[in-house]
$ cat entry.txt   # compact mmCIF, C-alpha atoms and all ligand atoms
# COMPACT_ATOMS: atom_id res chain seq x y z
CA MET A 781 -4.59 -67.03 -32.01
CA GLY A 782 -3.44 -68.19 -35.46
CA LYS A 783 -0.18 -66.87 -36.85
CA THR A 784 -0.52 -64.40 -39.66
CA ASP A 785 1.66 -61.89 -41.42
CA ILE A 786 -1.28 -59.49 -41.83
CA GLY A 787 -1.85 -56.66 -39.38
CA PRO A 788 -0.17 -56.00 -36.05
CA PRO A 789 1.07 -58.85 -33.89
CA ASP A 790 -1.14 -60.03 -31.01
CA PHE A 791 -0.81 -57.43 -28.24
CA ARG A 792 -0.95 -60.15 -25.56
CA ASN A 793 2.54 -61.24 -26.52
CA PHE A 794 3.86 -57.89 -25.31
CA LEU A 795 2.11 -57.55 -21.96
CA PRO A 796 4.33 -57.49 -18.88
CA PRO A 797 3.88 -60.78 -16.96
CA ILE A 798 2.15 -59.04 -14.01
CA ILE A 799 -0.40 -57.45 -16.37
CA LYS A 800 -0.98 -60.77 -18.15
CA LYS A 801 -1.50 -62.67 -14.89
CA ASN A 802 -3.94 -60.06 -13.54
CA TYR A 803 -5.74 -59.34 -16.80
CA GLY A 804 -9.35 -58.35 -16.04
CA LYS A 805 -8.70 -58.48 -12.31
CA TRP A 806 -7.62 -54.91 -11.59
CA LYS A 807 -9.81 -53.54 -8.79
CA TYR A 808 -8.79 -49.88 -8.58
CA HIS A 809 -5.93 -47.46 -9.02
CA ARG A 810 -4.68 -44.48 -7.07
CA ILE A 811 -2.33 -41.63 -7.86
CA LEU A 812 0.39 -41.71 -5.22
CA GLU A 813 1.98 -38.42 -6.32
CA PRO A 814 2.15 -36.47 -9.59
CA GLY A 815 3.37 -38.91 -12.23
CA VAL A 816 3.18 -42.07 -10.08
CA LEU A 817 0.21 -44.45 -9.93
CA VAL A 818 -0.52 -47.77 -8.29
CA HIS A 819 -2.95 -50.34 -9.72
CA VAL A 820 -4.20 -52.97 -7.29
CA SER A 821 -5.45 -56.37 -8.41
CA GLU A 822 -8.03 -58.54 -6.65
CA THR A 823 -5.18 -61.07 -6.28
CA GLY A 824 -3.42 -58.51 -4.05
CA LYS A 825 -0.71 -57.79 -6.63
CA GLU A 826 0.27 -54.18 -7.20
CA VAL A 827 1.89 -52.52 -10.20
CA TYR A 828 3.41 -49.04 -10.00
CA THR A 829 3.45 -46.72 -13.00
CA VAL A 830 5.96 -43.92 -13.38
CA ARG A 831 4.81 -41.62 -16.19
CA MET A 832 7.29 -39.48 -18.02
CA GLY A 833 6.62 -36.85 -20.69
CA SER A 834 8.13 -37.52 -24.09
CA GLY A 835 8.09 -35.87 -27.47
CA ARG A 836 6.05 -37.37 -30.29
CA LEU A 837 9.05 -37.39 -32.59
CA VAL A 838 11.97 -39.00 -30.80
CA THR A 839 15.39 -40.28 -31.76
CA VAL A 840 16.60 -43.85 -31.79
CA ASP A 841 19.08 -42.86 -29.08
CA PHE A 842 16.19 -41.70 -26.87
CA ILE A 843 14.36 -45.00 -27.40
CA ARG A 844 17.52 -46.95 -26.53
CA GLU A 845 17.94 -44.93 -23.35
CA VAL A 846 14.37 -45.50 -22.15
CA CYS A 847 14.70 -49.21 -22.98
CA ASP A 848 17.85 -49.39 -20.86
CA LEU A 849 15.92 -47.82 -17.99
CA ALA A 850 13.10 -50.33 -18.51
CA ASP A 851 15.65 -53.19 -18.31
CA LYS A 852 16.97 -51.78 -15.07
CA TYR A 853 13.72 -50.84 -13.32
CA SER A 854 10.64 -52.37 -14.91
CA ASP A 855 11.59 -55.93 -15.90
CA GLY A 856 12.30 -54.87 -19.48
CA TYR A 857 8.81 -53.50 -20.14
CA LEU A 858 7.51 -49.99 -20.87
CA ARG A 859 4.74 -48.46 -22.89
CA PHE A 860 4.31 -45.38 -25.03
CA THR A 861 0.87 -43.91 -24.38
CA SER A 862 -1.34 -42.36 -27.04
CA ARG A 863 -0.49 -38.96 -25.51
CA HIS A 864 3.22 -39.50 -26.06
CA ASN A 865 4.07 -40.28 -22.46
CA VAL A 866 6.42 -43.12 -21.58
CA GLU A 867 5.22 -45.33 -18.75
CA PHE A 868 7.49 -47.61 -16.75
CA LEU A 869 5.49 -50.37 -15.03
CA LEU A 870 7.28 -51.39 -11.85
CA THR A 871 6.58 -54.43 -9.72
CA ASP A 872 9.01 -53.37 -7.00
CA LYS A 873 7.95 -50.26 -5.08
CA LYS A 874 11.52 -49.70 -3.90
CA LYS A 875 12.62 -48.97 -7.46
CA ILE A 876 10.36 -45.90 -7.84
CA ALA A 877 12.72 -43.48 -6.07
CA PRO A 878 15.93 -44.49 -7.96
CA LEU A 879 14.07 -44.43 -11.30
CA LYS A 880 12.72 -40.95 -10.56
CA LYS A 881 16.23 -39.82 -9.61
CA GLU A 882 17.65 -41.12 -12.87
CA LEU A 883 14.89 -39.49 -14.94
CA ALA A 884 15.42 -36.19 -13.12
CA ALA A 885 19.18 -36.36 -13.80
CA LYS A 886 18.43 -36.71 -17.52
CA GLY A 887 16.03 -33.75 -17.36
CA TRP A 888 13.05 -35.91 -18.33
CA PRO A 889 9.85 -34.70 -16.62
CA ILE A 890 7.60 -36.91 -14.48
CA GLY A 891 3.90 -36.03 -14.30
CA GLY A 892 0.84 -35.88 -16.52
CA THR A 893 -1.45 -37.66 -14.04
CA GLY A 894 -4.65 -36.46 -12.37
CA HIS A 895 -5.42 -32.76 -12.21
CA SER A 896 -2.62 -31.71 -14.49
CA VAL A 897 -1.89 -30.82 -18.07
CA THR A 898 -0.59 -34.00 -19.62
CA SER A 899 1.42 -34.26 -22.86
CA ILE A 900 -0.38 -32.76 -25.84
CA VAL A 901 -1.66 -35.23 -28.40
CA HIS A 902 -0.88 -33.89 -31.85
CA THR A 903 -0.62 -34.52 -35.55
CA GLN A 904 2.10 -34.35 -38.21
CA GLY A 905 2.51 -30.65 -38.94
CA TRP A 906 5.06 -29.29 -41.34
CA VAL A 907 7.28 -32.33 -40.78
CA HIS A 908 5.15 -34.85 -42.67
CA CYS A 909 1.72 -33.93 -43.92
CA HIS A 910 0.71 -32.14 -47.12
CA THR A 911 -2.21 -30.03 -45.85
CA PRO A 912 -1.10 -28.44 -42.56
CA ALA A 913 -2.05 -24.86 -41.80
CA THR A 914 0.45 -24.84 -38.96
CA ASP A 915 3.21 -26.93 -37.46
CA ALA A 916 2.45 -29.55 -34.81
CA SER A 917 5.59 -30.38 -32.81
CA GLY A 918 6.85 -26.78 -32.78
CA VAL A 919 3.59 -25.34 -31.46
CA VAL A 920 3.20 -28.12 -28.92
CA LYS A 921 6.74 -27.70 -27.60
CA SER A 922 6.16 -23.95 -27.21
CA VAL A 923 2.81 -24.42 -25.44
CA MET A 924 4.08 -27.14 -23.10
CA ASP A 925 7.10 -25.01 -22.16
CA GLU A 926 4.61 -22.34 -20.99
CA LEU A 927 2.46 -24.85 -19.11
CA PHE A 928 5.30 -26.95 -17.72
CA GLU A 929 4.47 -26.16 -14.06
CA TYR A 930 1.08 -27.84 -14.58
CA PHE A 931 2.62 -31.10 -15.89
CA GLY A 932 4.37 -32.24 -12.72
CA SER A 933 1.80 -30.95 -10.24
CA HIS A 934 -1.88 -31.31 -9.35
CA LYS A 935 -2.67 -27.60 -9.10
CA LEU A 936 -5.62 -27.50 -11.50
CA PRO A 937 -9.28 -28.13 -10.63
CA ALA A 938 -9.32 -31.18 -12.94
CA GLN A 939 -7.29 -32.62 -15.78
CA VAL A 940 -6.77 -30.37 -18.80
CA ARG A 941 -6.39 -32.36 -22.00
CA ILE A 942 -4.91 -30.35 -24.86
CA ALA A 943 -4.78 -31.50 -28.47
CA LEU A 944 -3.47 -30.06 -31.70
CA ALA A 945 -4.51 -30.80 -35.26
CA CYS A 946 -2.70 -28.94 -37.99
CA CYS A 947 -5.73 -28.74 -40.29
CA LEU A 948 -9.42 -29.28 -39.85
CA ASN A 949 -9.21 -32.86 -41.04
CA MET A 950 -8.43 -33.22 -37.34
CA CYS A 951 -6.15 -36.22 -37.09
CA GLY A 952 -5.78 -35.06 -33.45
CA ALA A 953 -8.59 -35.24 -30.90
CA VAL A 954 -9.38 -31.55 -31.18
CA HIS A 955 -13.13 -32.02 -31.38
CA CYS A 956 -13.27 -33.29 -27.80
CA SER A 957 -10.41 -31.69 -25.85
CA ASP A 958 -10.46 -29.23 -22.97
CA ILE A 959 -8.31 -26.97 -25.11
CA ALA A 960 -7.84 -27.59 -28.81
CA ILE A 961 -5.33 -25.95 -31.12
CA LEU A 962 -6.51 -26.20 -34.69
CA GLY A 963 -4.65 -25.06 -37.78
CA VAL A 964 -6.90 -23.12 -40.14
CA HIS A 965 -6.50 -22.12 -43.77
CA THR A 966 -8.26 -18.90 -44.73
CA LYS A 967 -7.47 -18.62 -48.42
CA LEU A 968 -9.05 -20.46 -51.34
CA PRO A 969 -7.15 -23.30 -53.01
CA LYS A 970 -5.03 -21.93 -55.85
CA VAL A 971 -6.00 -23.86 -58.94
CA ASP A 972 -3.07 -24.57 -61.27
CA HIS A 973 -5.11 -25.20 -64.42
CA GLU A 974 -2.21 -26.47 -66.52
CA THR A 975 -1.16 -29.09 -63.94
CA LEU A 976 -4.73 -30.01 -63.07
CA ARG A 977 -5.66 -30.98 -66.62
CA ASN A 978 -2.66 -33.32 -66.71
CA VAL A 979 -2.67 -34.96 -63.27
CA CYS A 980 -6.17 -34.81 -61.75
CA GLU A 981 -9.48 -36.49 -62.49
CA ILE A 982 -12.10 -33.76 -62.62
CA PRO A 983 -15.05 -35.88 -61.35
CA THR A 984 -13.16 -37.16 -58.30
CA THR A 985 -11.82 -33.67 -57.57
CA ILE A 986 -15.35 -32.25 -57.66
CA ALA A 987 -16.64 -35.15 -55.56
CA ALA A 988 -13.93 -34.55 -52.93
CA CYS A 989 -15.45 -31.24 -51.89
CA PRO A 990 -17.85 -31.67 -48.95
CA THR A 991 -19.62 -28.35 -49.61
CA GLY A 992 -20.03 -28.62 -53.37
CA ALA A 993 -17.76 -25.61 -53.94
CA ILE A 994 -15.95 -27.05 -56.97
CA ARG A 995 -17.43 -27.16 -60.44
CA PRO A 996 -16.06 -27.72 -63.95
CA HIS A 997 -14.35 -24.73 -65.51
CA PRO A 998 -16.87 -22.88 -67.70
CA ASP A 999 -14.31 -22.93 -70.51
CA LYS A 1000 -14.48 -26.61 -71.48
CA GLU A 1001 -11.22 -26.30 -73.42
CA LYS A 1002 -9.36 -25.73 -70.13
CA LYS A 1003 -10.33 -29.17 -68.74
CA SER A 1004 -10.05 -27.78 -65.22
CA VAL A 1005 -12.23 -26.60 -62.30
CA ILE A 1006 -13.15 -23.42 -60.48
CA VAL A 1007 -13.90 -22.85 -56.79
CA ASN A 1008 -16.93 -20.95 -55.49
CA PRO A 1009 -15.57 -18.69 -52.72
CA GLU A 1010 -19.02 -18.46 -51.10
CA ARG A 1011 -19.03 -22.18 -50.44
CA CYS A 1012 -15.39 -23.04 -49.72
CA MET A 1013 -14.59 -23.78 -46.06
CA TYR A 1014 -10.82 -24.17 -46.70
CA CYS A 1015 -10.76 -27.82 -45.63
CA GLY A 1016 -8.11 -28.99 -48.08
CA ASN A 1017 -9.96 -32.12 -49.16
CA CYS A 1018 -9.58 -31.11 -52.80
CA TYR A 1019 -5.82 -30.86 -52.39
CA THR A 1020 -5.74 -34.37 -50.93
CA MET A 1021 -7.43 -35.55 -54.13
CA CYS A 1022 -5.70 -33.22 -56.56
CA PRO A 1023 -2.18 -31.84 -56.06
CA ALA A 1024 -2.93 -29.00 -58.47
CA MET A 1025 -5.11 -27.29 -55.81
CA PRO A 1026 -2.77 -26.34 -52.93
CA LEU A 1027 -4.26 -24.07 -50.30
CA ALA A 1028 -1.26 -23.50 -48.01
CA ASP A 1029 -0.62 -19.78 -47.79
CA GLY A 1030 2.07 -17.99 -45.79
CA GLU A 1031 -0.25 -15.12 -44.93
CA GLY A 1032 -3.61 -16.88 -44.64
CA ASP A 1033 -2.64 -19.93 -42.58
CA GLY A 1034 -2.95 -19.71 -38.81
CA ILE A 1035 -4.39 -21.21 -35.66
CA SER A 1036 -7.80 -21.26 -33.99
CA ILE A 1037 -8.37 -22.19 -30.35
CA TRP A 1038 -11.30 -24.30 -29.20
CA VAL A 1039 -12.33 -25.11 -25.63
CA GLY A 1040 -14.61 -27.21 -23.50
CA GLY A 1041 -14.52 -30.66 -25.08
CA LYS A 1042 -14.08 -33.94 -23.25
CA VAL A 1043 -14.47 -37.66 -23.86
CA SER A 1044 -15.15 -38.67 -20.29
CA ASN A 1045 -18.63 -39.62 -19.09
CA ALA A 1046 -17.88 -38.57 -15.53
CA ARG A 1047 -20.33 -35.99 -14.07
CA HIS A 1048 -21.43 -34.89 -17.53
CA THR A 1049 -21.85 -36.52 -20.90
CA PRO A 1050 -18.99 -36.10 -23.42
CA MET A 1051 -18.79 -32.61 -24.89
CA PHE A 1052 -17.57 -31.11 -28.15
CA SER A 1053 -14.91 -28.42 -28.16
CA ARG A 1054 -16.25 -25.02 -29.25
CA LEU A 1055 -14.63 -22.04 -30.89
CA ALA A 1056 -12.94 -19.59 -28.53
CA ILE A 1057 -10.46 -17.75 -30.78
CA PRO A 1058 -11.06 -17.88 -34.56
CA TYR A 1059 -7.58 -16.93 -35.73
CA LEU A 1060 -4.09 -16.37 -34.42
CA PRO A 1061 -1.12 -15.95 -36.74
CA ASN A 1062 1.56 -18.54 -37.32
CA ASN A 1063 4.56 -17.06 -35.61
CA PRO A 1064 7.34 -19.67 -35.47
CA PRO A 1065 9.54 -20.69 -33.82
CA ARG A 1066 7.71 -19.99 -30.51
CA TRP A 1067 4.14 -18.97 -31.47
CA PRO A 1068 3.87 -16.32 -28.67
CA GLU A 1069 0.26 -15.35 -29.52
CA VAL A 1070 -0.87 -18.97 -29.20
CA THR A 1071 1.08 -19.79 -26.04
CA SER A 1072 -0.12 -16.69 -24.19
CA ALA A 1073 -3.75 -17.26 -25.26
CA ILE A 1074 -3.68 -20.84 -23.95
CA LYS A 1075 -1.90 -19.93 -20.73
CA ASN A 1076 -4.53 -17.25 -20.13
CA ILE A 1077 -7.39 -19.75 -20.59
CA VAL A 1078 -5.74 -22.29 -18.26
CA GLU A 1079 -5.06 -19.70 -15.56
CA VAL A 1080 -8.54 -18.13 -15.68
CA TYR A 1081 -10.02 -21.63 -15.49
CA ALA A 1082 -7.72 -22.56 -12.58
CA LYS A 1083 -8.84 -19.45 -10.69
CA HIS A 1084 -12.59 -19.72 -11.26
CA ALA A 1085 -13.57 -23.37 -11.67
CA ASN A 1086 -14.74 -25.61 -8.85
CA LYS A 1087 -12.73 -28.67 -7.89
CA TYR A 1088 -13.22 -31.57 -10.35
CA GLU A 1089 -14.83 -29.30 -12.97
CA ARG A 1090 -13.42 -29.77 -16.47
CA ILE A 1091 -13.15 -26.62 -18.61
CA GLY A 1092 -16.38 -27.38 -20.52
CA GLU A 1093 -18.29 -28.09 -17.32
CA TRP A 1094 -17.08 -24.84 -15.80
CA ILE A 1095 -18.10 -22.87 -18.90
CA GLU A 1096 -21.48 -24.54 -18.95
CA ARG A 1097 -22.06 -23.58 -15.31
CA VAL A 1098 -20.99 -19.94 -15.61
CA GLY A 1099 -22.13 -19.41 -19.21
CA TRP A 1100 -20.20 -18.69 -22.41
CA GLU A 1101 -20.73 -14.95 -22.02
CA ARG A 1102 -18.92 -15.04 -18.69
CA PHE A 1103 -16.17 -17.21 -20.15
CA PHE A 1104 -15.47 -14.55 -22.78
CA LYS A 1105 -15.62 -11.80 -20.18
CA LEU A 1106 -13.30 -13.53 -17.68
CA THR A 1107 -10.72 -14.52 -20.29
CA GLY A 1108 -10.88 -11.18 -22.09
CA ILE A 1109 -11.31 -13.01 -25.41
CA GLU A 1110 -13.14 -10.89 -27.95
CA PHE A 1111 -16.48 -12.29 -29.13
CA THR A 1112 -16.78 -11.69 -32.86
CA PRO A 1113 -19.27 -12.53 -35.62
CA LEU A 1114 -16.90 -15.38 -36.52
CA HIS A 1115 -18.03 -17.14 -33.36
CA ILE A 1116 -21.55 -17.47 -34.68
CA ASP A 1117 -21.77 -20.71 -36.54
CA ASP A 1118 -24.16 -20.98 -39.45
CA TYR A 1119 -23.33 -24.46 -40.70
CA LYS A 1120 -26.74 -26.10 -40.95
CA LEU A 1121 -25.87 -29.37 -39.20
CA SER A 1122 -24.37 -27.70 -36.16
CA THR A 1123 -27.50 -26.11 -34.78
CA THR A 1124 -27.78 -28.57 -31.95
CA THR A 1125 -24.25 -28.11 -30.69
CA PHE A 1126 -23.11 -24.59 -31.48
CA ARG A 1127 -24.32 -21.09 -30.86
CA ASN A 1128 -26.25 -19.98 -33.91
CA THR A 1129 -27.89 -16.78 -32.79
CA THR A 1130 -26.71 -13.26 -32.17
CA GLN A 1131 -29.07 -13.02 -29.20
CA PHE A 1132 -26.81 -13.71 -26.27
CA LYS A 1133 -26.58 -12.05 -22.88
CA TRP A 1134 -23.44 -10.84 -21.20
CA GLY A 1135 -23.20 -12.16 -17.62
S1 LIG B 1 -4.57 -32.72 -39.20
FE1 LIG B 1 -4.52 -32.29 -41.41
S2 LIG B 1 -2.50 -31.45 -41.86
FE2 LIG B 1 -2.42 -32.40 -39.84
S3 LIG B 1 -1.68 -34.49 -40.18
FE3 LIG B 1 -3.92 -34.58 -40.24
S4 LIG B 1 -4.50 -34.29 -42.41
FE4 LIG B 1 -2.36 -33.66 -42.17
S1 LIG B 2 -10.85 -26.46 -49.65
FE1 LIG B 2 -12.52 -27.89 -49.10
S2 LIG B 2 -14.39 -26.66 -49.27
FE2 LIG B 2 -12.76 -25.56 -50.40
S3 LIG B 2 -12.93 -26.24 -52.49
FE3 LIG B 2 -11.43 -27.56 -51.52
S4 LIG B 2 -12.63 -29.34 -50.79
FE4 LIG B 2 -14.07 -27.70 -51.25
$ encode --input "entry.txt" --output "structure tokens"
Amino acid sequence: MGKTDIGPPDFRNFLPPIIKKNYGKWKYHRILEPGVLVHVSETGKEVYTVRMGSGRLVTVDFIREVCDLADKYSDGYLRFTSRHNVEFLLTDKKKIAPLKKELAAKGWPIGGTGHSVTSIVHTQGWVHCHTPATDASGVVKSVMDELFEYFGSHKLPAQVRIALACCLNMCGAVHCSDIAILGVHTKLPKVDHETLRNVCEIPTTIAACPTGAIRPHPDKEKKSVIVNPERCMYCGNCYTMCPAMPLADGEGDGISIWVGGKVSNARHTPMFSRLAIPYLPNNPPRWPEVTSAIKNIVEVYAKHANKYERIGEWIERVGWERFFKLTGIEFTPLHIDDYKLSTTTFRNTTQFKWG
């Protein structure tokens, strides 16, 4: 591959030698115990993975420490997964036990494989982004603390993938997760007319709205816009285009919970997550309403689903009415979706039967 200073460097330069030598030759993998996998190549070579949970935002000191462990146990190689786990790839089986011991001594959890809750993939939250309706890292830490027993064990019927996106732009995989935590705004953008006329282009601001809710201010002298409350879905796109239209609101911002999505093709085609709880308040620093709602869903699922059934597959088998009944989640008019393009995927009728 030619050398270039554009884009990321060629990933092949960073592969551990055993992965490079057996590229395309891996026959199968097995989970030896929670957090430990073996991949077997057709050449007979084996590579052992020890998976450890990590935060998404980590310190340089933490990175140095995991690199030191990689030097000691995995030939100087490790990888950060897209779900914020750290994986040590070992060629020597005998090193698994001492590595696990060292990780345990540091208080770093091993797990996230198979029928478990693995680390939550999430977005920027209050730390970085400009449109969040909730925090990301704070909510995720609180939720994972509640579900910790499911990280290092295989107690669940199948894997439970949880994702968080702090607004409905959905930088996280919330549309297709077993449980999705989605930040929602519920108040209209507050138009600052004086700033808008000085810093925003009116045509691009109007064009940014996916529902056509923004139109020029009827008073042409104002050189601003107004928002039609009947059409606004609180997405924040206008604020991305025009900083004079913030929609963050201490009272109105909160969290919705979605369930039943998955990417996998196994047993059933991929599924979209669907609305379970329309709104829970932001309650930092521990978000108790959110953590208890999610724990409840996980535990009801664990009790009622068949082995290997993902949350969406279980709900599809027993019916959404039964899901609401078993979890005790209130079914409200907010659950009935009337967005015209969603008729093939979401419930759009009030005629449902309780199981
Ligand atoms: S989901 Fe929304 S608020 Fe969160 S990082 Fe993405 S754009 Fe920003
Ligand atoms: S928040 Fe979204 S729907 Fe509402 S006015 Fe802005 S762009 Fe349009």
$ closest_residue --input "entry.txt" --among "A:Asp785, A:Asp915, A:Glu1079, A:Glu1096" --to "ligand LIG 1 (chain B)" --atoms "all atoms listed in the file"
A:Asp915
$ closest_residue --input "entry.txt" --among "A:Gly1099, A:Pro969, A:Pro1113, A:Pro1023" --to "ligand LIG 2 (chain B)" --atoms "only C-alpha atoms and all ligand atoms"
A:Pro969
$ closest_residue --input "entry.txt" --among "A:Pro814, A:Gly918, A:Pro1026, A:Pro912" --to "Asn949 in chain A" --atoms "only C-alpha atoms"
A:Pro912
$ closest_residue --input "entry.txt" --among "A:His955, A:Arg977, A:Lys800, A:Arg863" --to "ligand LIG 1 (chain B)" --atoms "only C-alpha atoms and all ligand atoms"
A:His955
$ axis_aligned_box --input "entry.txt" --around "ligand LIG 1 (chain B)" --padding-each-side "8 Å" --output "lines of an AutoDock Vina configuration file"
center_x = -3.1
center_y = -33.0
center_z = -40.8
size_x = 18.9
size_y = 19.1
size_z = 19.2
$ residues_around --input "entry.txt" --residues "Val901 in chain A" --least-positions-apart "5" --cutoff "8 Å" --atoms "only C-alpha atoms" --output "NGL selection string"
:A and (862-864 or 942-944 or 952-953)
$ closest_residue --input "entry.txt" --among "A:Thr984, A:Thr1071, A:Asn1063, A:Ser1036" --to "ligand LIG 2 (chain B)" --atoms "only C-alpha atoms and all ligand atoms"
A:Thr984
$ closest_residue --input "entry.txt" --among "A:Trp1038, A:Tyr1014, A:Trp906, A:Tyr1088" --to "ligand LIG 1 (chain B)" --atoms "all atoms listed in the file"
A:Trp906
$ atom_distance --input "entry.txt" --atom1 "CA of Pro788 in chain A" --atom2 "CA of Ser834 in chain A"
23.5 Å
$ residues_near_ligand --input "entry.txt" --ligand "ligand LIG 1 (chain B)" --cutoff "9 Å" --atoms "all atoms listed in the file" --output "list in words"
His902, Thr903, Gln904, Gly905, Trp906, His908, Cys909, His910, Thr911, Pro912, Ala913, Thr914, Asp915, Ala916, Leu944, Ala945, Cys946, Cys947, Leu948, Asn949, Met950, Cys951, Gly952, Leu962, Gly963, Cys1015, Gly1016, Asn1017 and Thr1020 of chain A
$ residues_around --input "entry.txt" --residues "range 818-820 of chain A" --least-positions-apart "4" --cutoff "10 Å" --atoms "all atoms listed in the file" --output "list of chain:residue names"
A:Asn802, A:Lys805, A:Trp806, A:Lys807, A:Tyr808, A:His809, A:Arg810, A:Ile811, A:Leu812, A:Glu813, A:Gly824, A:Lys825, A:Glu826, A:Val827, A:Tyr828, A:Thr829, A:Val830, A:Leu869, A:Leu870, A:Thr871, A:Lys873
$ residues_near_ligand --input "entry.txt" --ligand "ligand LIG 2 (chain B)" --cutoff "10 Å" --atoms "only C-alpha atoms and all ligand atoms" --output "PyMOL selection string"
chain A and resi 948+965-971+985-995+1005-1022+1025-1027
$ residues_around --input "entry.txt" --residues "Glu1089 in chain A" --least-positions-apart "6" --cutoff "12 Å" --atoms "only C-alpha atoms" --output "number ranges by chain"
A: 895, 936-940, 958, 1040, 1042, 1044, 1046-1048, 1081-1083, 1095-1098
$ build_atoms --input "entry.txt" --residues "range 1023-1037 of chain A" --atoms "N, CA, C and O atoms" --output "PDB file, keeping the file's coordinate frame"
ATOM      1  N   PRO A1023      -3.323 -32.665 -56.464  1.00  0.00           N
ATOM      2  CA  PRO A1023      -2.180 -31.840 -56.060  1.00  0.00           C
ATOM      3  C   PRO A1023      -2.073 -30.509 -56.806  1.00  0.00           C
ATOM      4  O   PRO A1023      -1.211 -29.694 -56.481  1.00  0.00           O
ATOM      5  N   ALA A1024      -2.961 -30.284 -57.761  1.00  0.00           N
ATOM      6  CA  ALA A1024      -2.930 -29.000 -58.470  1.00  0.00           C
ATOM      7  C   ALA A1024      -3.804 -27.949 -57.784  1.00  0.00           C
ATOM      8  O   ALA A1024      -4.073 -26.895 -58.351  1.00  0.00           O
ATOM      9  N   MET A1025      -4.259 -28.246 -56.528  1.00  0.00           N
ATOM     10  CA  MET A1025      -5.110 -27.290 -55.810  1.00  0.00           C
ATOM     11  C   MET A1025      -4.571 -27.005 -54.400  1.00  0.00           C
ATOM     12  O   MET A1025      -5.291 -27.146 -53.403  1.00  0.00           O
ATOM     13  N   PRO A1026      -3.316 -26.590 -54.285  1.00  0.00           N
ATOM     14  CA  PRO A1026      -2.770 -26.340 -52.930  1.00  0.00           C
ATOM     15  C   PRO A1026      -3.469 -25.151 -52.269  1.00  0.00           C
ATOM     16  O   PRO A1026      -3.839 -24.196 -52.943  1.00  0.00           O
ATOM     17  N   LEU A1027      -3.654 -25.218 -50.964  1.00  0.00           N
ATOM     18  CA  LEU A1027      -4.260 -24.070 -50.300  1.00  0.00           C
ATOM     19  C   LEU A1027      -3.396 -23.520 -49.174  1.00  0.00           C
ATOM     20  O   LEU A1027      -3.788 -22.579 -48.486  1.00  0.00           O
ATOM     21  N   ALA A1028      -2.186 -24.078 -48.996  1.00  0.00           N
ATOM     22  CA  ALA A1028      -1.260 -23.500 -48.010  1.00  0.00           C
ATOM     23  C   ALA A1028      -0.926 -22.076 -48.444  1.00  0.00           C
ATOM     24  O   ALA A1028      -0.747 -21.806 -49.634  1.00  0.00           O
ATOM     25  N   ASP A1029      -0.871 -21.176 -47.465  1.00  0.00           N
ATOM     26  CA  ASP A1029      -0.620 -19.780 -47.790  1.00  0.00           C
ATOM     27  C   ASP A1029       0.103 -19.131 -46.602  1.00  0.00           C
ATOM     28  O   ASP A1029      -0.405 -19.174 -45.473  1.00  0.00           O
ATOM     29  N   GLY A1030       1.265 -18.566 -46.867  1.00  0.00           N
ATOM     30  CA  GLY A1030       2.070 -17.990 -45.790  1.00  0.00           C
ATOM     31  C   GLY A1030       1.331 -16.944 -44.984  1.00  0.00           C
ATOM     32  O   GLY A1030       1.516 -16.823 -43.777  1.00  0.00           O
ATOM     33  N   GLU A1031       0.469 -16.185 -45.625  1.00  0.00           N
ATOM     34  CA  GLU A1031      -0.250 -15.120 -44.930  1.00  0.00           C
ATOM     35  C   GLU A1031      -1.553 -15.637 -44.316  1.00  0.00           C
ATOM     36  O   GLU A1031      -1.920 -15.273 -43.209  1.00  0.00           O
ATOM     37  N   GLY A1032      -2.253 -16.490 -45.048  1.00  0.00           N
ATOM     38  CA  GLY A1032      -3.610 -16.880 -44.640  1.00  0.00           C
ATOM     39  C   GLY A1032      -3.649 -17.991 -43.604  1.00  0.00           C
ATOM     40  O   GLY A1032      -4.637 -18.140 -42.896  1.00  0.00           O
ATOM     41  N   ASP A1033      -2.602 -18.793 -43.507  1.00  0.00           N
ATOM     42  CA  ASP A1033      -2.640 -19.930 -42.580  1.00  0.00           C
ATOM     43  C   ASP A1033      -2.406 -19.473 -41.144  1.00  0.00           C
ATOM     44  O   ASP A1033      -1.573 -18.600 -40.895  1.00  0.00           O
ATOM     45  N   GLY A1034      -3.113 -20.083 -40.221  1.00  0.00           N
ATOM     46  CA  GLY A1034      -2.950 -19.710 -38.810  1.00  0.00           C
ATOM     47  C   GLY A1034      -3.586 -20.733 -37.901  1.00  0.00           C
ATOM     48  O   GLY A1034      -3.772 -21.896 -38.284  1.00  0.00           O
ATOM     49  N   ILE A1035      -3.939 -20.288 -36.707  1.00  0.00           N
ATOM     50  CA  ILE A1035      -4.390 -21.210 -35.660  1.00  0.00           C
ATOM     51  C   ILE A1035      -5.674 -20.694 -35.021  1.00  0.00           C
ATOM     52  O   ILE A1035      -5.795 -19.499 -34.746  1.00  0.00           O
ATOM     53  N   SER A1036      -6.614 -21.599 -34.784  1.00  0.00           N
ATOM     54  CA  SER A1036      -7.800 -21.260 -33.990  1.00  0.00           C
ATOM     55  C   SER A1036      -7.729 -22.055 -32.686  1.00  0.00           C
ATOM     56  O   SER A1036      -7.097 -23.113 -32.633  1.00  0.00           O
ATOM     57  N   ILE A1037      -8.375 -21.516 -31.660  1.00  0.00           N
ATOM     58  CA  ILE A1037      -8.370 -22.190 -30.350  1.00  0.00           C
ATOM     59  C   ILE A1037      -9.810 -22.550 -29.993  1.00  0.00           C
ATOM     60  O   ILE A1037     -10.718 -21.725 -30.108  1.00  0.00           O
TER      61      ILE A1037
END
